[in-house]
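So this one's work-v3.cif, mmCIF, C-alpha atoms, pLDDT in the B column; chains and numbers go by the auth columns:
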data_query
#
loop_
_atom_site.group_PDB
_atom_site.id
_atom_site.type_symbol
_atom_site.label_atom_id
_atom_site.label_comp_id
_atom_site.label_asym_id
_atom_site.label_seq_id
_atom_site.Cartn_x
_atom_site.Cartn_y
_atom_site.Cartn_z
_atom_site.B_iso_or_equiv
_atom_site.auth_seq_id
_atom_site.auth_asym_id
ATOM 1 C CA MET A 1 24.910 67.888 -43.432 44.00 1 A
ATOM 2 C CA LYS A 2 23.812 66.270 -46.666 43.00 2 A
ATOM 3 C CA THR A 3 25.557 62.995 -47.437 44.00 3 A
ATOM 4 C CA ASP A 4 24.301 62.326 -50.949 52.00 4 A
ATOM 5 C CA ASN A 5 25.538 63.757 -54.233 61.00 5 A
ATOM 6 C CA CYS A 6 29.080 64.874 -53.505 66.00 6 A
ATOM 7 C CA GLU A 7 29.893 68.177 -55.160 68.00 7 A
ATOM 8 C CA THR A 8 33.048 69.046 -57.048 70.00 8 A
ATOM 9 C CA VAL A 9 33.918 72.650 -56.291 74.00 9 A
ATOM 10 C CA ILE A 10 35.646 74.582 -59.076 72.00 10 A
ATOM 11 C CA CYS A 11 38.206 76.846 -57.457 72.00 11 A
ATOM 12 C CA HIS A 12 39.555 79.548 -59.750 70.00 12 A
ATOM 13 C CA ILE A 13 43.107 80.543 -58.786 74.00 13 A
ATOM 14 C CA LEU A 14 44.285 83.875 -60.068 71.00 14 A
ATOM 15 C CA ASP A 15 48.008 84.651 -60.031 76.00 15 A
ATOM 16 C CA HIS A 16 48.291 88.421 -59.808 66.00 16 A
ATOM 17 C CA SER A 17 51.968 88.674 -58.876 66.00 17 A
ATOM 18 C CA ASP A 18 52.694 90.812 -61.956 60.00 18 A
ATOM 19 C CA LEU A 19 49.877 93.293 -61.329 56.00 19 A
ATOM 20 C CA GLY A 20 49.681 96.801 -59.992 54.00 20 A
ATOM 21 C CA ASP A 21 52.324 98.393 -57.870 51.00 21 A
ATOM 22 C CA GLY A 22 52.971 95.196 -55.899 50.00 22 A
ATOM 23 C CA THR A 23 50.827 96.144 -52.902 52.00 23 A
ATOM 24 C CA PRO A 24 48.126 93.686 -51.842 51.00 24 A
ATOM 25 C CA ARG A 25 45.338 96.279 -52.290 55.00 25 A
ATOM 26 C CA SER A 26 46.449 97.126 -55.829 57.00 26 A
ATOM 27 C CA SER A 27 46.509 93.450 -56.813 54.00 27 A
ATOM 28 C CA GLU A 28 43.225 92.777 -55.029 56.00 28 A
ATOM 29 C CA ARG A 29 41.546 95.640 -56.907 59.00 29 A
ATOM 30 C CA LYS A 30 42.733 94.259 -60.269 58.00 30 A
ATOM 31 C CA ALA A 31 41.609 90.750 -59.296 56.00 31 A
ATOM 32 C CA SER A 32 38.179 92.072 -58.269 58.00 32 A
ATOM 33 C CA GLU A 33 37.802 93.726 -61.667 60.00 33 A
ATOM 34 C CA TYR A 34 38.638 90.378 -63.301 56.00 34 A
ATOM 35 C CA TYR A 35 36.052 88.502 -61.242 54.00 35 A
ATOM 36 C CA ARG A 36 33.274 90.985 -61.963 55.00 36 A
ATOM 37 C CA ASN A 37 33.208 89.377 -65.397 53.00 37 A
ATOM 38 C CA LEU A 38 32.609 85.937 -63.881 50.00 38 A
ATOM 39 C CA SER A 39 29.758 86.817 -61.522 48.00 39 A
ATOM 40 C CA CYS A 40 27.339 89.717 -61.322 53.00 40 A
ATOM 41 C CA CYS A 41 27.582 91.181 -57.821 57.00 41 A
ATOM 42 C CA ILE A 42 24.411 93.159 -57.143 61.00 42 A
ATOM 43 C CA GLY A 43 24.854 94.207 -53.537 66.00 43 A
ATOM 44 C CA GLU A 44 25.611 93.171 -49.986 70.00 44 A
ATOM 45 C CA ASP A 45 23.678 91.240 -47.360 72.00 45 A
ATOM 46 C CA GLU A 46 22.999 92.549 -43.842 77.00 46 A
ATOM 47 C CA ASN A 47 26.539 91.575 -42.765 74.00 47 A
ATOM 48 C CA GLY A 48 28.283 93.260 -45.716 69.00 48 A
ATOM 49 C CA LYS A 49 28.910 90.023 -47.642 67.00 49 A
ATOM 50 C CA PRO A 50 28.704 90.544 -51.436 65.00 50 A
ATOM 51 C CA ILE A 51 25.713 88.779 -52.974 66.00 51 A
ATOM 52 C CA SER A 52 24.685 87.936 -56.508 69.00 52 A
ATOM 53 C CA GLU A 53 21.264 87.377 -57.998 69.00 53 A
ATOM 54 C CA LYS A 54 22.472 84.422 -60.062 68.00 54 A
ATOM 55 C CA THR A 55 24.801 82.417 -57.803 77.00 55 A
ATOM 56 C CA TYR A 56 26.560 82.209 -54.460 81.00 56 A
ATOM 57 C CA PHE A 57 30.249 83.049 -54.557 82.00 57 A
ATOM 58 C CA ASN A 58 33.179 83.785 -52.306 86.00 58 A
ATOM 59 C CA ILE A 59 36.641 85.236 -52.800 86.00 59 A
ATOM 60 C CA SER A 60 39.885 85.210 -50.809 89.00 60 A
ATOM 61 C CA HIS A 61 43.454 86.302 -51.401 87.00 61 A
ATOM 62 C CA SER A 62 46.886 85.761 -49.905 89.00 62 A
ATOM 63 C CA GLY A 63 50.275 86.648 -51.305 86.00 63 A
ATOM 64 C CA LYS A 64 50.211 86.450 -55.078 85.00 64 A
ATOM 65 C CA TYR A 65 46.987 84.437 -55.355 87.00 65 A
ATOM 66 C CA THR A 66 43.293 85.187 -55.291 85.00 66 A
ATOM 67 C CA VAL A 67 40.786 82.318 -55.233 88.00 67 A
ATOM 68 C CA PHE A 68 37.163 82.453 -56.304 85.00 68 A
ATOM 69 C CA VAL A 69 34.422 79.818 -55.903 87.00 69 A
ATOM 70 C CA THR A 70 30.781 79.675 -56.974 82.00 70 A
ATOM 71 C CA SER A 71 27.909 77.389 -56.030 84.00 71 A
ATOM 72 C CA ASP A 72 24.136 77.149 -56.113 82.00 72 A
ATOM 73 C CA GLU A 73 24.229 77.168 -52.272 86.00 73 A
ATOM 74 C CA PRO A 74 26.171 79.342 -49.795 89.00 74 A
ATOM 75 C CA ILE A 75 29.914 78.719 -50.023 91.00 75 A
ATOM 76 C CA GLY A 76 33.078 79.989 -48.361 93.00 76 A
ATOM 77 C CA VAL A 77 36.734 79.860 -49.379 94.00 77 A
ATOM 78 C CA ASP A 78 39.989 80.890 -47.788 94.00 78 A
ATOM 79 C CA ILE A 79 43.584 80.799 -48.982 95.00 79 A
ATOM 80 C CA GLU A 80 46.632 81.444 -46.832 94.00 80 A
ATOM 81 C CA LYS A 81 50.324 81.210 -47.536 93.00 81 A
ATOM 82 C CA ILE A 82 52.009 78.903 -45.038 93.00 82 A
ATOM 83 C CA ASP A 83 54.164 81.331 -43.093 89.00 83 A
ATOM 84 C CA GLU A 84 55.815 80.792 -39.709 86.00 84 A
ATOM 85 C CA LYS A 85 55.418 84.496 -38.803 83.00 85 A
ATOM 86 C CA LEU A 86 51.636 84.391 -39.314 76.00 86 A
ATOM 87 C CA SER A 87 51.282 81.195 -37.315 75.00 87 A
ATOM 88 C CA GLN A 88 51.977 82.956 -34.007 75.00 88 A
ATOM 89 C CA ASN A 89 48.618 84.739 -34.195 75.00 89 A
ATOM 90 C CA LEU A 90 46.630 81.796 -35.547 75.00 90 A
ATOM 91 C CA ASP A 91 47.159 79.629 -32.449 73.00 91 A
ATOM 92 C CA LYS A 92 44.552 81.802 -30.698 79.00 92 A
ATOM 93 C CA ALA A 93 41.880 80.558 -33.114 85.00 93 A
ATOM 94 C CA LEU A 94 42.227 76.942 -31.946 85.00 94 A
ATOM 95 C CA ASN A 95 40.386 75.273 -29.093 84.00 95 A
ATOM 96 C CA GLU A 96 42.160 73.011 -26.576 85.00 96 A
ATOM 97 C CA LYS A 97 41.501 69.782 -28.497 84.00 97 A
ATOM 98 C CA GLU A 98 42.807 71.285 -31.743 84.00 98 A
ATOM 99 C CA ILE A 99 45.947 72.532 -29.996 84.00 99 A
ATOM 100 C CA ARG A 100 46.598 69.002 -28.664 85.00 100 A
ATOM 101 C CA TYR A 101 46.173 67.525 -32.146 83.00 101 A
ATOM 102 C CA MET A 102 48.414 70.190 -33.651 84.00 102 A
ATOM 103 C CA LYS A 103 51.203 69.342 -31.189 85.00 103 A
ATOM 104 C CA LEU A 104 50.966 65.676 -32.235 87.00 104 A
ATOM 105 C CA SER A 105 50.983 66.503 -35.950 86.00 105 A
ATOM 106 C CA ASP A 106 53.990 65.670 -38.132 89.00 106 A
ATOM 107 C CA ASN A 107 53.674 69.083 -39.750 89.00 107 A
ATOM 108 C CA ARG A 108 52.456 71.622 -37.189 87.00 108 A
ATOM 109 C CA LEU A 109 52.380 74.543 -39.631 90.00 109 A
ATOM 110 C CA THR A 110 50.348 72.745 -42.292 91.00 110 A
ATOM 111 C CA TYR A 111 47.886 71.511 -39.665 90.00 111 A
ATOM 112 C CA LEU A 112 47.522 75.009 -38.208 89.00 112 A
ATOM 113 C CA PHE A 113 46.890 76.618 -41.593 92.00 113 A
ATOM 114 C CA ARG A 114 44.441 73.875 -42.629 92.00 114 A
ATOM 115 C CA MET A 115 42.562 74.433 -39.384 91.00 115 A
ATOM 116 C CA TRP A 116 42.554 78.222 -39.755 92.00 116 A
ATOM 117 C CA THR A 117 41.471 78.269 -43.408 94.00 117 A
ATOM 118 C CA CYS A 118 38.609 75.828 -42.721 94.00 118 A
ATOM 119 C CA LYS A 119 37.374 78.050 -39.906 93.00 119 A
ATOM 120 C CA GLU A 120 37.618 81.194 -41.989 94.00 120 A
ATOM 121 C CA ALA A 121 35.907 79.544 -44.988 95.00 121 A
ATOM 122 C CA TYR A 122 33.050 78.516 -42.669 95.00 122 A
ATOM 123 C CA LEU A 123 32.736 82.008 -41.185 93.00 123 A
ATOM 124 C CA LYS A 124 32.727 83.536 -44.666 92.00 124 A
ATOM 125 C CA MET A 125 30.130 81.008 -45.884 92.00 125 A
ATOM 126 C CA ILE A 126 27.700 81.951 -43.101 90.00 126 A
ATOM 127 C CA GLY A 127 28.416 85.620 -43.784 86.00 127 A
ATOM 128 C CA LEU A 128 29.836 86.583 -40.393 78.00 128 A
ATOM 129 C CA GLY A 129 33.550 86.654 -41.091 75.00 129 A
ATOM 130 C CA LEU A 130 35.535 87.224 -37.920 77.00 130 A
ATOM 131 C CA ARG A 131 32.596 88.685 -35.987 80.00 131 A
ATOM 132 C CA ILE A 132 32.575 85.553 -33.821 86.00 132 A
ATOM 133 C CA ASP A 133 35.453 83.917 -31.986 86.00 133 A
ATOM 134 C CA PRO A 134 37.103 81.372 -34.342 88.00 134 A
ATOM 135 C CA SER A 135 38.048 79.139 -31.393 88.00 135 A
ATOM 136 C CA ARG A 136 34.373 78.190 -30.995 92.00 136 A
ATOM 137 C CA ILE A 137 34.364 76.797 -34.565 92.00 137 A
ATOM 138 C CA ILE A 138 35.147 73.077 -34.592 91.00 138 A
ATOM 139 C CA VAL A 139 36.920 71.433 -37.530 91.00 139 A
ATOM 140 C CA ASP A 140 36.702 67.636 -37.753 89.00 140 A
ATOM 141 C CA PHE A 141 39.177 66.438 -40.387 84.00 141 A
ATOM 142 C CA ASP A 142 38.133 62.804 -39.844 83.00 142 A
ATOM 143 C CA CYS A 143 34.643 63.619 -41.172 85.00 143 A
ATOM 144 C CA ASN A 144 35.535 66.661 -43.308 90.00 144 A
ATOM 145 C CA GLU A 145 33.092 68.724 -41.279 92.00 145 A
ATOM 146 C CA VAL A 146 33.042 72.117 -39.621 93.00 146 A
ATOM 147 C CA TYR A 147 30.485 73.505 -37.182 92.00 147 A
ATOM 148 C CA ASP A 148 29.879 76.086 -34.478 91.00 148 A
ATOM 149 C CA SER A 149 30.249 74.606 -30.975 91.00 149 A
ATOM 150 C CA GLU A 150 27.140 76.607 -30.004 89.00 150 A
ATOM 151 C CA ASN A 151 25.092 74.865 -32.746 88.00 151 A
ATOM 152 C CA GLU A 152 26.524 71.361 -33.236 83.00 152 A
ATOM 153 C CA SER A 153 23.521 70.121 -35.228 86.00 153 A
ATOM 154 C CA ALA A 154 24.351 72.454 -38.149 88.00 154 A
ATOM 155 C CA ARG A 155 27.370 70.738 -39.703 92.00 155 A
ATOM 156 C CA TYR A 156 28.901 71.682 -43.032 93.00 156 A
ATOM 157 C CA SER A 157 31.321 70.054 -45.417 92.00 157 A
ATOM 158 C CA ALA A 158 34.905 71.359 -45.374 93.00 158 A
ATOM 159 C CA ILE A 159 37.864 70.296 -47.458 91.00 159 A
ATOM 160 C CA SER A 160 41.425 71.593 -47.785 92.00 160 A
ATOM 161 C CA LEU A 161 44.298 71.172 -50.166 90.00 161 A
ATOM 162 C CA ASN A 162 47.893 72.302 -50.464 92.00 162 A
ATOM 163 C CA TYR A 163 48.819 74.437 -53.469 91.00 163 A
ATOM 164 C CA GLN A 164 52.383 75.722 -53.904 91.00 164 A
ATOM 165 C CA ASN A 165 53.001 76.426 -50.183 93.00 165 A
ATOM 166 C CA TYR A 166 49.432 77.740 -49.733 95.00 166 A
ATOM 167 C CA ILE A 167 46.439 76.099 -48.102 95.00 167 A
ATOM 168 C CA ILE A 168 43.039 76.471 -49.763 94.00 168 A
ATOM 169 C CA SER A 169 39.891 75.462 -47.868 94.00 169 A
ATOM 170 C CA VAL A 170 36.287 75.432 -49.033 94.00 170 A
ATOM 171 C CA CYS A 171 33.149 75.093 -46.904 94.00 171 A
ATOM 172 C CA SER A 172 29.626 74.307 -48.150 92.00 172 A
ATOM 173 C CA PRO A 173 26.292 72.874 -46.997 91.00 173 A
ATOM 174 C CA LYS A 174 26.766 70.300 -49.777 87.00 174 A
ATOM 175 C CA THR A 175 29.137 67.408 -49.294 86.00 175 A
ATOM 176 C CA ILE A 176 32.336 68.368 -51.095 83.00 176 A
ATOM 177 C CA GLY A 177 33.916 65.431 -52.868 78.00 177 A
ATOM 178 C CA ASN A 178 36.921 67.327 -54.184 77.00 178 A
ATOM 179 C CA ILE A 179 38.219 70.681 -55.326 78.00 179 A
ATOM 180 C CA GLU A 180 39.052 71.135 -58.991 80.00 180 A
ATOM 181 C CA LEU A 181 41.531 73.922 -59.648 81.00 181 A
ATOM 182 C CA THR A 182 41.639 76.236 -62.629 81.00 182 A
ATOM 183 C CA HIS A 183 44.571 78.613 -62.894 77.00 183 A
ATOM 184 C CA ASP A 184 44.666 82.012 -64.597 75.00 184 A
ATOM 185 C CA THR A 185 47.363 84.673 -64.694 74.00 185 A
ATOM 186 C CA LEU A 186 46.629 88.372 -64.900 63.00 186 A
ATOM 187 C CA ASN A 187 49.207 90.568 -66.562 61.00 187 A
ATOM 188 C CA LYS A 188 49.601 94.322 -66.514 55.00 188 A
#

Show me the file's structure as structure tokens.
Amino acid sequence: MKTDNCETVICHILDHSDLGDGTPRSSERKASEYYRNLSCCIGEDENGKPISEKTYFNISHSGKYTVFVTSDEPIGVDIEKIDEKLSQNLDKALNEKEIRYMKLSDNRLTYLFRMWTCKEAYLKMIGLGLRIDPSRIIVDFDCNEVYDSENESARYSAISLNYQNYIISVCSPKTIGNIELTHDTLNK
């Protein structure tokens, strides 16, 4: 992982709670239309990940928010609403060490969602999504790094933040110094 020139990632947050018929797909469709104006998507790579001729980008949504990031290198983002019901399934994505740390954490739910969103941001950045087992992805919060346990030499920068009961994580080959948020609201 590069250690020079920390990058500030601009994370666009789109509140689409007042859009469509209230279903996630309706809101996601409206948000996608909005983001087409920000980046020119020209196709998909071999794994089905949208690609652009001009820039790398990634998009994620949860609840009433969609997040969008761009970079001059591959980048991944994930947002999840902190929700006890969802947490039951996320435990399966952790390895034994991460489960031990989670049990010692002051806030188990926040830790779990930080861990999950970092893993998903990494998997989206490399273009594989959930095609590989998330438990083999290692998140090191002490170093702000994430990597595949089957390729420990390829380490990437990962950073998370809390936003109104949501966790947003970004992963990049560049060292991420911080995430700068911009907030937009789409209306009907």

task = Calculate how many Å separate atom CA of Glu150 of chain A from atom CA of Lys119 of chain A, rounding to one decimal.
result =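 About the pair atom CA of Glu150 of chain A and atom CA of Lys119 of chain A: they are 14.3 Å apart.
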
request  = Kindly indicate which residue among A:Ile59, A:Val67, A:Cys171, A:Leu112 lies nearest to Ile82 of chain A, using all atoms listed in the file for the distances.
outcome  =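 Of A:Ile59, A:Val67, A:Cys171, A:Leu112, the one nearest Ile82 of chain A, counting all atoms listed in the file, is A:Leu112.
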
task = Name the residues that the PyMOL selection byres ((chain A and resi 109) around 8) picks from the file above, as a VMD selection string, using the file's chain letters and numbers.
result = chain A and resid 82 to 84 87 107 to 108 110 to 113

query = Between A:Glu80, A:Asp15, A:Asp140, A:Glu44, which is the closest to Ile168 of chain A once you count all atoms listed in the file?
reply =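 For Ile168 of chain A, the nearest of the given residues is A:Glu80.
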
task = Would you please work out which residue, of A:Lys81, A:His12, A:His183, A:Lys97, is nearest to Ser135 of chain A when using all atoms listed in the file?
result =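 Counting all atoms listed in the file, the residue closest to Ser135 of chain A is A:Lys97.
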
request  = Give me, please, the distance in Å between atom CA of Ile138 of chain A and atom CA of Ile159 of chain A, quoted to one decimal.
outcome  =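 Here the two named atoms are 13.4 Å from each other.
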
ask   = In Å, with one decimal, what is the gap from atom CA of Pro173 of chain A to atom CA of Ser157 of chain A?
value =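 Distance reported for this atom pair: 6.0 Å.
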
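The smallest atom-to-atom distance between Ile10 of chain A and any of A:Leu86, A:Glu152, A:Ile179, A:Asp184, using only C-alpha atoms, is found for A:Ile179.
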
inquiry  = Using the chain letters and numbers from this file, what does the PyMOL selection byres ((chain A and resi 120-129) around 10) select? Give the answer as a PyMOL selection string.
reply    = chain A and resi 45-50+56-60+73-79+93+115-119+130-134+137-139+145-148+156-159+168-173

note = With distances taken over all atoms listed in the file, the candidate from A:Thr55, A:Thr175, A:Ser149, A:Thr182 nearest Tyr163 of chain A is A:Thr182

Take every atom of segment 107-114 of chain A listed in the file, pad by 6 Å on each side, and give me the axis-aligned box centre and edge lengths in Å, one decimal, as JSON.
{"center_x": 49.1, "center_y": 72.9, "center_z": -39.9, "size_x": 21.2, "size_y": 19.5, "size_z": 17.4}

query = Can you list, as a list in words, every protein, DNA or RNA residue that comes within 6 Å of Cys11 of chain A when you count only C-alpha atoms, leaving out same-chain residues fewer than 3 positions away?
reply = Phe68, Val69, Glu180 and Leu181 of chain A

Would you save the residues of that selection, restricted to C-alpha atoms, as a short mmCIF file (atom, residue, chain, number, x, y, z; two decimals), in the coordinates of the input?
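What follows is the written file selection-v4.cif:
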data_model
loop_
_atom_site.label_atom_id
_atom_site.label_comp_id
_atom_site.auth_asym_id
_atom_site.auth_seq_id
_atom_site.Cartn_x
_atom_site.Cartn_y
_atom_site.Cartn_z
CA PHE A 68 37.16 82.45 -56.30
CA VAL A 69 34.42 79.82 -55.90
CA GLU A 180 39.05 71.14 -58.99
CA LEU A 181 41.53 73.92 -59.65
#

Would it be fine to have segment 127-162 of chain A, with N, CA and C atoms, given as a PDB file, in the first residue's frame?
ATOM      1  N   GLY A 127     -13.766  -5.433  -7.722  1.00  0.00           N
ATOM      2  CA  GLY A 127     -14.704  -5.826  -8.757  1.00  0.00           C
ATOM      3  C   GLY A 127     -15.315  -7.197  -8.613  1.00  0.00           C
ATOM      4  N   LEU A 128     -15.145  -7.840  -7.453  1.00  0.00           N
ATOM      5  CA  LEU A 128     -15.676  -9.185  -7.272  1.00  0.00           C
ATOM      6  C   LEU A 128     -16.952  -9.248  -6.448  1.00  0.00           C
ATOM      7  N   GLY A 129     -17.260  -8.176  -5.742  1.00  0.00           N
ATOM      8  CA  GLY A 129     -18.458  -8.219  -4.903  1.00  0.00           C
ATOM      9  C   GLY A 129     -18.410  -9.420  -3.969  1.00  0.00           C
ATOM     10  N   LEU A 130     -19.527 -10.062  -3.779  1.00  0.00           N
ATOM     11  CA  LEU A 130     -19.598 -11.179  -2.839  1.00  0.00           C
ATOM     12  C   LEU A 130     -19.321 -12.532  -3.510  1.00  0.00           C
ATOM     13  N   ARG A 131     -18.525 -12.520  -4.574  1.00  0.00           N
ATOM     14  CA  ARG A 131     -18.162 -13.777  -5.226  1.00  0.00           C
ATOM     15  C   ARG A 131     -17.130 -14.565  -4.434  1.00  0.00           C
ATOM     16  N   ILE A 132     -16.478 -13.914  -3.469  1.00  0.00           N
ATOM     17  CA  ILE A 132     -15.560 -14.641  -2.585  1.00  0.00           C
ATOM     18  C   ILE A 132     -16.056 -14.505  -1.149  1.00  0.00           C
ATOM     19  N   ASP A 133     -15.641 -15.414  -0.321  1.00  0.00           N
ATOM     20  CA  ASP A 133     -16.076 -15.475   1.072  1.00  0.00           C
ATOM     21  C   ASP A 133     -15.536 -14.263   1.843  1.00  0.00           C
ATOM     22  N   PRO A 134     -16.418 -13.399   2.367  1.00  0.00           N
ATOM     23  CA  PRO A 134     -15.952 -12.210   3.089  1.00  0.00           C
ATOM     24  C   PRO A 134     -15.117 -12.528   4.331  1.00  0.00           C
ATOM     25  N   SER A 135     -15.260 -13.721   4.889  1.00  0.00           N
ATOM     26  CA  SER A 135     -14.485 -14.037   6.102  1.00  0.00           C
ATOM     27  C   SER A 135     -12.994 -14.166   5.804  1.00  0.00           C
ATOM     28  N   ARG A 136     -12.623 -14.333   4.549  1.00  0.00           N
ATOM     29  CA  ARG A 136     -11.187 -14.402   4.217  1.00  0.00           C
ATOM     30  C   ARG A 136     -10.585 -13.012   4.041  1.00  0.00           C
ATOM     31  N   ILE A 137     -11.421 -11.970   4.033  1.00  0.00           N
ATOM     32  CA  ILE A 137     -10.941 -10.587   3.946  1.00  0.00           C
ATOM     33  C   ILE A 137     -10.613 -10.111   5.356  1.00  0.00           C
ATOM     34  N   ILE A 138      -9.425  -9.571   5.525  1.00  0.00           N
ATOM     35  CA  ILE A 138      -8.936  -9.130   6.829  1.00  0.00           C
ATOM     36  C   ILE A 138      -8.991  -7.607   6.894  1.00  0.00           C
ATOM     37  N   VAL A 139      -9.590  -7.084   7.955  1.00  0.00           N
ATOM     38  CA  VAL A 139      -9.634  -5.643   8.183  1.00  0.00           C
ATOM     39  C   VAL A 139      -8.779  -5.351   9.412  1.00  0.00           C
ATOM     40  N   ASP A 140      -7.803  -4.466   9.246  1.00  0.00           N
ATOM     41  CA  ASP A 140      -6.917  -4.070  10.341  1.00  0.00           C
ATOM     42  C   ASP A 140      -7.173  -2.598  10.651  1.00  0.00           C
ATOM     43  N   PHE A 141      -8.004  -2.340  11.671  1.00  0.00           N
ATOM     44  CA  PHE A 141      -8.351  -0.962  12.010  1.00  0.00           C
ATOM     45  C   PHE A 141      -7.166  -0.207  12.592  1.00  0.00           C
ATOM     46  N   ASP A 142      -6.197  -0.910  13.180  1.00  0.00           N
ATOM     47  CA  ASP A 142      -5.016  -0.235  13.724  1.00  0.00           C
ATOM     48  C   ASP A 142      -4.210   0.448  12.620  1.00  0.00           C
ATOM     49  N   CYS A 143      -4.171  -0.168  11.446  1.00  0.00           N
ATOM     50  CA  CYS A 143      -3.407   0.373  10.311  1.00  0.00           C
ATOM     51  C   CYS A 143      -4.286   0.943   9.210  1.00  0.00           C
ATOM     52  N   ASN A 144      -5.605   0.901   9.396  1.00  0.00           N
ATOM     53  CA  ASN A 144      -6.548   1.323   8.352  1.00  0.00           C
ATOM     54  C   ASN A 144      -6.278   0.601   7.039  1.00  0.00           C
ATOM     55  N   GLU A 145      -6.132  -0.723   7.142  1.00  0.00           N
ATOM     56  CA  GLU A 145      -5.853  -1.537   5.970  1.00  0.00           C
ATOM     57  C   GLU A 145      -6.857  -2.676   5.851  1.00  0.00           C
ATOM     58  N   VAL A 146      -6.997  -3.148   4.619  1.00  0.00           N
ATOM     59  CA  VAL A 146      -7.817  -4.317   4.333  1.00  0.00           C
ATOM     60  C   VAL A 146      -7.085  -5.134   3.263  1.00  0.00           C
ATOM     61  N   TYR A 147      -7.172  -6.462   3.391  1.00  0.00           N
ATOM     62  CA  TYR A 147      -6.496  -7.322   2.424  1.00  0.00           C
ATOM     63  C   TYR A 147      -7.125  -8.707   2.426  1.00  0.00           C
ATOM     64  N   ASP A 148      -6.831  -9.455   1.380  1.00  0.00           N
ATOM     65  CA  ASP A 148      -7.304 -10.825   1.236  1.00  0.00           C
ATOM     66  C   ASP A 148      -6.290 -11.738   1.934  1.00  0.00           C
ATOM     67  N   SER A 149      -6.756 -12.609   2.816  1.00  0.00           N
ATOM     68  CA  SER A 149      -5.840 -13.495   3.546  1.00  0.00           C
ATOM     69  C   SER A 149      -5.076 -14.425   2.605  1.00  0.00           C
ATOM     70  N   GLU A 150      -5.542 -14.585   1.380  1.00  0.00           N
ATOM     71  CA  GLU A 150      -4.851 -15.414   0.392  1.00  0.00           C
ATOM     72  C   GLU A 150      -3.846 -14.610  -0.430  1.00  0.00           C
ATOM     73  N   ASN A 151      -3.745 -13.293  -0.162  1.00  0.00           N
ATOM     74  CA  ASN A 151      -2.774 -12.429  -0.843  1.00  0.00           C
ATOM     75  C   ASN A 151      -2.431 -11.267   0.087  1.00  0.00           C
ATOM     76  N   GLU A 152      -1.732 -11.563   1.180  1.00  0.00           N
ATOM     77  CA  GLU A 152      -1.465 -10.562   2.217  1.00  0.00           C
ATOM     78  C   GLU A 152      -0.553  -9.428   1.768  1.00  0.00           C
ATOM     79  N   SER A 153       0.180  -9.609   0.677  1.00  0.00           N
ATOM     80  CA  SER A 153       1.084  -8.543   0.229  1.00  0.00           C
ATOM     81  C   SER A 153       0.320  -7.398  -0.447  1.00  0.00           C
ATOM     82  N   ALA A 154      -0.888  -7.651  -0.922  1.00  0.00           N
ATOM     83  CA  ALA A 154      -1.686  -6.613  -1.579  1.00  0.00           C
ATOM     84  C   ALA A 154      -2.629  -5.991  -0.555  1.00  0.00           C
ATOM     85  N   ARG A 155      -2.146  -4.938   0.105  1.00  0.00           N
ATOM     86  CA  ARG A 155      -2.927  -4.265   1.146  1.00  0.00           C
ATOM     87  C   ARG A 155      -3.442  -2.929   0.627  1.00  0.00           C
ATOM     88  N   TYR A 156      -4.654  -2.596   1.054  1.00  0.00           N
ATOM     89  CA  TYR A 156      -5.312  -1.384   0.579  1.00  0.00           C
ATOM     90  C   TYR A 156      -5.767  -0.548   1.769  1.00  0.00           C
ATOM     91  N   SER A 157      -5.910   0.727   1.526  1.00  0.00           N
ATOM     92  CA  SER A 157      -6.362   1.644   2.557  1.00  0.00           C
ATOM     93  C   SER A 157      -7.872   1.512   2.741  1.00  0.00           C
ATOM     94  N   ALA A 158      -8.317   1.528   3.991  1.00  0.00           N
ATOM     95  CA  ALA A 158      -9.752   1.461   4.297  1.00  0.00           C
ATOM     96  C   ALA A 158     -10.037   2.398   5.463  1.00  0.00           C
ATOM     97  N   ILE A 159     -11.117   3.126   5.344  1.00  0.00           N
ATOM     98  CA  ILE A 159     -11.507   4.056   6.400  1.00  0.00           C
ATOM     99  C   ILE A 159     -13.027   4.051   6.514  1.00  0.00           C
ATOM    100  N   SER A 160     -13.504   4.224   7.744  1.00  0.00           N
ATOM    101  CA  SER A 160     -14.949   4.216   8.010  1.00  0.00           C
ATOM    102  C   SER A 160     -15.332   5.440   8.813  1.00  0.00           C
ATOM    103  N   LEU A 161     -16.612   5.793   8.696  1.00  0.00           N
ATOM    104  CA  LEU A 161     -17.144   6.843   9.554  1.00  0.00           C
ATOM    105  C   LEU A 161     -18.613   6.570   9.830  1.00  0.00           C
ATOM    106  N   ASN A 162     -19.070   7.126  10.936  1.00  0.00           N
ATOM    107  CA  ASN A 162     -20.490   7.040  11.302  1.00  0.00           C
ATOM    108  C   ASN A 162     -21.196   8.261  10.737  1.00  0.00           C
TER     109      ASN A 162
END
